[in-house]
Amino acid sequence: MKFCIVGAGFSGAVIARHLAKQGHTVTLAEERSHIGGNCHTSRDPDTHVMLHHYGPHIFHTAHQHVWEYVQKFATFQPYINRVKAISGGRVYSLPINLFTINQFFGKTLRPEEAQEFLKEKSDASIKNPQNFEEQALSMIGPELYQAFFRGYTLKQWGVDPTSLPASILKRLPVRFNYDDNYFNHPYQGIPKEGYTALIENILDHPNIHLHLNTEFEALTAAETYDHVFYTGPIDRYFKYCHGRLGYRTLDFERFDADGDYQGTAVMNYCDEDVPYTRISEHKHFAPWEAAHLKKTTCFREYSRLATPEDAPYYPIRLTTEMSRLERYLNQAETTEGVSFLGRLGTYRYLDMDRTIAEALSACAVIDQKLAQSSPI
Ligand code: FAD
Ligand code: UDP
């Protein structure tokens with residue numbers, strides 16, 4: 001059969017390989033000049049740092065099958081994300097852990113004492129937090145919320161934390177020990193040669209015909225396919241007929257320096273009067289080679305509302321967007337011959353591991369349907 005896949009990120013690549021291995025012909029359309037989607041990496045010709053062009057990406061998962069899948073296509077180096085944060089002119093450790101609590105309050109609390117201490121600070125009247133701010137106040141109390149979350153979140157999302165869902169904060173742990181691992185997942189690492197090399201290996205199959213710099217719309221005008229797997233923005237597919245789904249975009253302000261600029265990969269800037277949210281220094285995402293590099297490349301990260309010309313990064317998912325999304329999802333369900341996948345096709349924030357897990361599940365469903373000769 002003849003399939004068209006739109007988008008050469010993880011979602012499109014995983015499905016392309018699966019179909020190609022079953023003997024199908026796969027045409028892969030990617031409008032950018034490179035594969036990898038938002039995980040794209042390449043080595044800078046000047047500083048020789050492996051750059052993560054759409055923001056730093058750390059692979060972390062609890063899914064063993066996803067971890068095993070990516071190992072087939074790349075050598076992973078161990079990497080633990082240990083974020084630092086500047087607030088009120090001092091450097092702290094994130095996520096909030098015993099070190100942060102003791103430093104911030106000038107104490108020497110042990111785990112149980114710290115738990116009791118934060119319990120006294122937290123707002124016990126909030127039984128069922130309805131928004132980001134309530135979640136923070138009930139979890140860590142007003143001082144830590146003001147110092148680390150209020151200003152940063154205002155900059156990141158451009159709205160008051162009271163209008164954001166509690167789920168955004170629930171992504172982060174609060175620990176009463178000195179564990180400063182940003183993620184809880186058992187499998188964590190970064191591919192030694194970067195994500196683009198990994199995805200290149202996934203796509204390395206003679207049945208996959210990759211077309212870079214090619215919009216899907218141009219391909220389907222010239223050719224018909226048995227089925228399309230679309231990982232681009234769902235509202236774009238339907239020509240924005242229900243309005244645009246809102247995104248936050250990021251501006252990355254690059255600067256190079258000699259040696260080591262900040263001594264760590266990520267430094268968050270939590271104060272509202274600093275216009276950027278964080279500085280990432282990309283050579284520290286590759287500690288196995290950082291010491292050999294004489295130069296360094298950093299990016300100040302600024303968040304703002306995306307215009308139609310900007311790259312979409314974080315789906316906003318507030319009430320207006322969610323009702324629009326529902327209309328698009330209903331339309332998608334009744335549109336034959338197309339499946340919508342991935343972070344843009346479903347308008348969700350998805351980590352890489354979840355993207356891959358969902359693409360692998362989609363492959364299992366495709367197999368079932370093809371075996372029964374029913375439409376996909
Ligand atoms: P994408 O990677 O966006 O790929 C979609 C592709 O489709 C793009 O290449 C696009 O150009 C192409 N396309 C769209 N429309 C068309 C069209 N009409 N025609 C042709 N091509 C089209 N996840 C983690 O696990 N760890 C992290 O540390 C992490 N950090 C992140 C940091 C930031 C700032 C952001 C925004 C995300 C981060 N993620 C992270 C999430 C990660 O980027 C996603 O999980 C992943 O990119 C999803 O892959 P995808 O294939 O669904 O989408
Ligand atoms: N956050 C914050 N201060 C920080 C780090 C995170 O206020 O120093 C908030 C912010 O609203 C962010 C959310 O916590 O969107 C989730 O953090 P995460 O690190 O997962 O953000 P992302 O990786 O999406 O940028």
# chains A, B, ... in the order shown; residues from 1 in each chain; ligands from 1

$ select_by_dssp --residues "range 44-233 of chain A" --states "helix (DSSP H, G or I)" --output "PyMOL selection string"
chain A and resi 64-71+98-105+111-121+132-139+141-157+161-163+167-170+195-202+216-222

$ residues_near_ligand --ligand "ligand 2" --cutoff "9 Å" --atoms "only C-alpha atoms and all ligand atoms" --output "PyMOL selection string"
chain A and resi 83-86+94-95+132+145+147-157+161+164+167-172+182+267-270+277-278+314+349

$ write_last_selection --atoms "N, CA and C atoms" --output "mmCIF file, in the first residue's frame"
data_model
loop_
_atom_site.group_PDB
_atom_site.id
_atom_site.type_symbol
_atom_site.label_atom_id
_atom_site.label_comp_id
_atom_site.auth_asym_id
_atom_site.auth_seq_id
_atom_site.Cartn_x
_atom_site.Cartn_y
_atom_site.Cartn_z
ATOM 1 N N VAL A 83 18.657 21.168 37.607
ATOM 2 C CA VAL A 83 18.392 22.574 37.261
ATOM 3 C C VAL A 83 18.746 23.482 38.437
ATOM 4 N N LYS A 84 19.321 24.628 38.120
ATOM 5 C CA LYS A 84 19.567 25.656 39.138
ATOM 6 C C LYS A 84 18.648 26.838 38.842
ATOM 7 N N ALA A 85 18.377 27.631 39.881
ATOM 8 C CA ALA A 85 17.472 28.771 39.695
ATOM 9 C C ALA A 85 17.985 29.970 40.467
ATOM 10 N N ILE A 86 17.894 31.144 39.830
ATOM 11 C CA ILE A 86 18.248 32.382 40.527
ATOM 12 C C ILE A 86 16.953 33.076 40.941
ATOM 13 N N LEU A 94 16.802 23.317 42.025
ATOM 14 C CA LEU A 94 15.435 22.896 41.687
ATOM 15 C C LEU A 94 15.464 21.441 41.233
ATOM 16 N N PRO A 95 14.351 20.689 41.241
ATOM 17 C CA PRO A 95 13.068 21.077 41.805
ATOM 18 C C PRO A 95 13.197 21.296 43.310
ATOM 19 N N PHE A 132 -3.156 26.844 39.088
ATOM 20 C CA PHE A 132 -1.726 26.769 39.373
ATOM 21 C C PHE A 132 -1.400 27.384 40.737
ATOM 22 N N TYR A 145 6.430 29.872 46.608
ATOM 23 C CA TYR A 145 5.642 30.159 45.406
ATOM 24 C C TYR A 145 6.078 31.493 44.798
ATOM 25 N N ALA A 147 8.861 33.136 45.285
ATOM 26 C CA ALA A 147 10.281 33.164 44.910
ATOM 27 C C ALA A 147 10.567 32.397 43.630
ATOM 28 N N PHE A 148 9.929 31.253 43.444
ATOM 29 C CA PHE A 148 10.322 30.382 42.327
ATOM 30 C C PHE A 148 9.280 30.242 41.217
ATOM 31 N N PHE A 149 8.017 30.449 41.541
ATOM 32 C CA PHE A 149 6.993 30.080 40.557
ATOM 33 C C PHE A 149 6.163 31.235 39.986
ATOM 34 N N ARG A 150 5.846 32.225 40.805
ATOM 35 C CA ARG A 150 4.915 33.249 40.314
ATOM 36 C C ARG A 150 5.508 34.035 39.135
ATOM 37 N N GLY A 151 6.704 34.592 39.327
ATOM 38 C CA GLY A 151 7.323 35.426 38.289
ATOM 39 C C GLY A 151 7.656 34.609 37.046
ATOM 40 N N TYR A 152 8.239 33.443 37.257
ATOM 41 C CA TYR A 152 8.640 32.592 36.133
ATOM 42 C C TYR A 152 7.410 32.196 35.311
ATOM 43 N N THR A 153 6.338 31.841 36.013
ATOM 44 C CA THR A 153 5.125 31.381 35.324
ATOM 45 C C THR A 153 4.446 32.518 34.564
ATOM 46 N N LEU A 154 4.462 33.706 35.140
ATOM 47 C CA LEU A 154 3.934 34.877 34.421
ATOM 48 C C LEU A 154 4.700 35.085 33.115
ATOM 49 N N LYS A 155 6.028 34.940 33.182
ATOM 50 C CA LYS A 155 6.854 35.130 31.969
ATOM 51 C C LYS A 155 6.622 34.000 30.972
ATOM 52 N N GLN A 156 6.512 32.793 31.496
ATOM 53 C CA GLN A 156 6.398 31.621 30.619
ATOM 54 C C GLN A 156 5.044 31.560 29.912
ATOM 55 N N TRP A 157 3.984 31.910 30.632
ATOM 56 C CA TRP A 157 2.633 31.708 30.094
ATOM 57 C C TRP A 157 1.912 33.009 29.756
ATOM 58 N N PRO A 161 -1.096 33.173 37.144
ATOM 59 C CA PRO A 161 -1.156 31.741 37.493
ATOM 60 C C PRO A 161 -2.520 31.263 37.977
ATOM 61 N N LEU A 164 -4.274 29.450 35.165
ATOM 62 C CA LEU A 164 -3.636 28.261 34.561
ATOM 63 C C LEU A 164 -4.057 26.998 35.304
ATOM 64 N N SER A 167 -2.458 21.331 36.785
ATOM 65 C CA SER A 167 -1.665 20.225 36.222
ATOM 66 C C SER A 167 -0.271 20.676 35.769
ATOM 67 N N ILE A 168 -0.104 21.947 35.389
ATOM 68 C CA ILE A 168 1.208 22.418 34.917
ATOM 69 C C ILE A 168 2.236 22.317 36.045
ATOM 70 N N LEU A 169 1.809 22.643 37.257
ATOM 71 C CA LEU A 169 2.746 22.583 38.388
ATOM 72 C C LEU A 169 2.946 21.144 38.862
ATOM 73 N N LYS A 170 1.903 20.338 38.697
ATOM 74 C CA LYS A 170 1.987 18.946 39.168
ATOM 75 C C LYS A 170 3.069 18.160 38.440
ATOM 76 N N ARG A 171 3.541 18.705 37.281
ATOM 77 C CA ARG A 171 4.651 18.036 36.569
ATOM 78 C C ARG A 171 5.919 17.984 37.430
ATOM 79 N N LEU A 172 6.038 18.935 38.375
ATOM 80 C CA LEU A 172 7.292 19.039 39.142
ATOM 81 C C LEU A 172 7.154 18.409 40.520
ATOM 82 N N TYR A 182 15.728 16.356 38.275
ATOM 83 C CA TYR A 182 14.510 17.074 37.872
ATOM 84 C C TYR A 182 13.364 16.117 37.553
ATOM 85 N N MET A 267 19.984 27.319 33.857
ATOM 86 C CA MET A 267 19.819 28.264 34.971
ATOM 87 C C MET A 267 18.490 28.987 34.759
ATOM 88 N N ASN A 268 17.530 28.739 35.647
ATOM 89 C CA ASN A 268 16.233 29.433 35.553
ATOM 90 C C ASN A 268 16.345 30.807 36.208
ATOM 91 N N TYR A 269 15.641 31.766 35.651
ATOM 92 C CA TYR A 269 15.601 33.118 36.228
ATOM 93 C C TYR A 269 14.167 33.375 36.678
ATOM 94 N N CYS A 270 13.954 33.242 37.980
ATOM 95 C CA CYS A 270 12.571 33.219 38.490
ATOM 96 C C CYS A 270 11.985 34.593 38.747
ATOM 97 N N THR A 277 13.273 33.589 30.731
ATOM 98 C CA THR A 277 12.939 32.574 31.746
ATOM 99 C C THR A 277 14.156 31.756 32.163
ATOM 100 N N ARG A 278 15.042 31.468 31.179
ATOM 101 C CA ARG A 278 16.205 30.649 31.544
ATOM 102 C C ARG A 278 17.332 30.836 30.550
ATOM 103 N N TYR A 314 4.339 25.648 23.040
ATOM 104 C CA TYR A 314 3.491 25.125 24.124
ATOM 105 C C TYR A 314 2.017 25.399 23.807
ATOM 106 N N TYR A 349 0.790 18.988 25.082
ATOM 107 C CA TYR A 349 2.207 18.971 25.401
ATOM 108 C C TYR A 349 2.574 17.507 25.618
#

$ residues_around --residues "Arg17 in chain A" --least-positions-apart "6" --cutoff "9 Å" --atoms "only C-alpha atoms" --output "PDB file with N, CA and C atoms, in the first residue's frame"
ATOM      1  N   VAL A  26       6.314   4.372   1.675  1.00  0.00           N
ATOM      2  CA  VAL A  26       6.041   5.500   2.562  1.00  0.00           C
ATOM      3  C   VAL A  26       6.634   6.782   1.986  1.00  0.00           C
ATOM      4  N   ILE A 202      16.243   5.883  12.433  1.00  0.00           N
ATOM      5  CA  ILE A 202      14.880   5.323  12.362  1.00  0.00           C
ATOM      6  C   ILE A 202      14.399   5.351  10.908  1.00  0.00           C
ATOM      7  N   LEU A 203      14.742   6.434  10.216  1.00  0.00           N
ATOM      8  CA  LEU A 203      14.231   6.621   8.839  1.00  0.00           C
ATOM      9  C   LEU A 203      15.063   5.905   7.770  1.00  0.00           C
ATOM     10  N   ASP A 204      16.119   5.240   8.208  1.00  0.00           N
ATOM     11  CA  ASP A 204      17.020   4.604   7.246  1.00  0.00           C
ATOM     12  C   ASP A 204      16.415   3.287   6.736  1.00  0.00           C
ATOM     13  N   HIS A 205      15.534   3.398   5.763  1.00  0.00           N
ATOM     14  CA  HIS A 205      14.893   2.210   5.190  1.00  0.00           C
ATOM     15  C   HIS A 205      14.567   2.511   3.719  1.00  0.00           C
ATOM     16  N   ASN A 207      12.235   1.746   1.798  1.00  0.00           N
ATOM     17  CA  ASN A 207      10.833   2.032   1.442  1.00  0.00           C
ATOM     18  C   ASN A 207      10.375   3.423   1.879  1.00  0.00           C
ATOM     19  N   ILE A 208      11.256   4.147   2.579  1.00  0.00           N
ATOM     20  CA  ILE A 208      10.857   5.497   3.030  1.00  0.00           C
ATOM     21  C   ILE A 208      11.438   6.528   2.074  1.00  0.00           C
TER      22      ILE A 208
END

$ atom_distance --atom1 "CA of Thr355 in chain A" --atom2 "atom 6 (C, counted along the ligand's line) of ligand 1"
12.0 Å

$ residues_around --residues "Ile96 in chain A" --least-positions-apart "2" --cutoff "8 Å" --atoms "only C-alpha atoms" --output "short mmCIF file (atom, residue, chain, number, x, y, z; two decimals) with C-alpha atoms, in the first residue's frame"
data_model
loop_
_atom_site.label_atom_id
_atom_site.label_comp_id
_atom_site.auth_asym_id
_atom_site.auth_seq_id
_atom_site.Cartn_x
_atom_site.Cartn_y
_atom_site.Cartn_z
CA SER A 93 18.59 24.04 43.50
CA LEU A 94 15.44 22.90 41.69
CA LEU A 98 15.58 19.77 51.09
CA PHE A 99 18.59 21.80 49.97
CA THR A 100 16.31 24.49 48.45
CA ILE A 101 14.16 24.65 51.57
CA PRO A 173 8.13 17.07 42.28
CA VAL A 174 8.72 18.54 45.78
CA ARG A 175 11.26 16.44 47.65
CA ASP A 180 17.87 17.21 42.82
#

$ closest_residue --among "A:Leu293, A:Leu118, A:Leu219, A:Val159" --to "Ala136 in chain A" --atoms "only C-alpha atoms"
A:Leu118
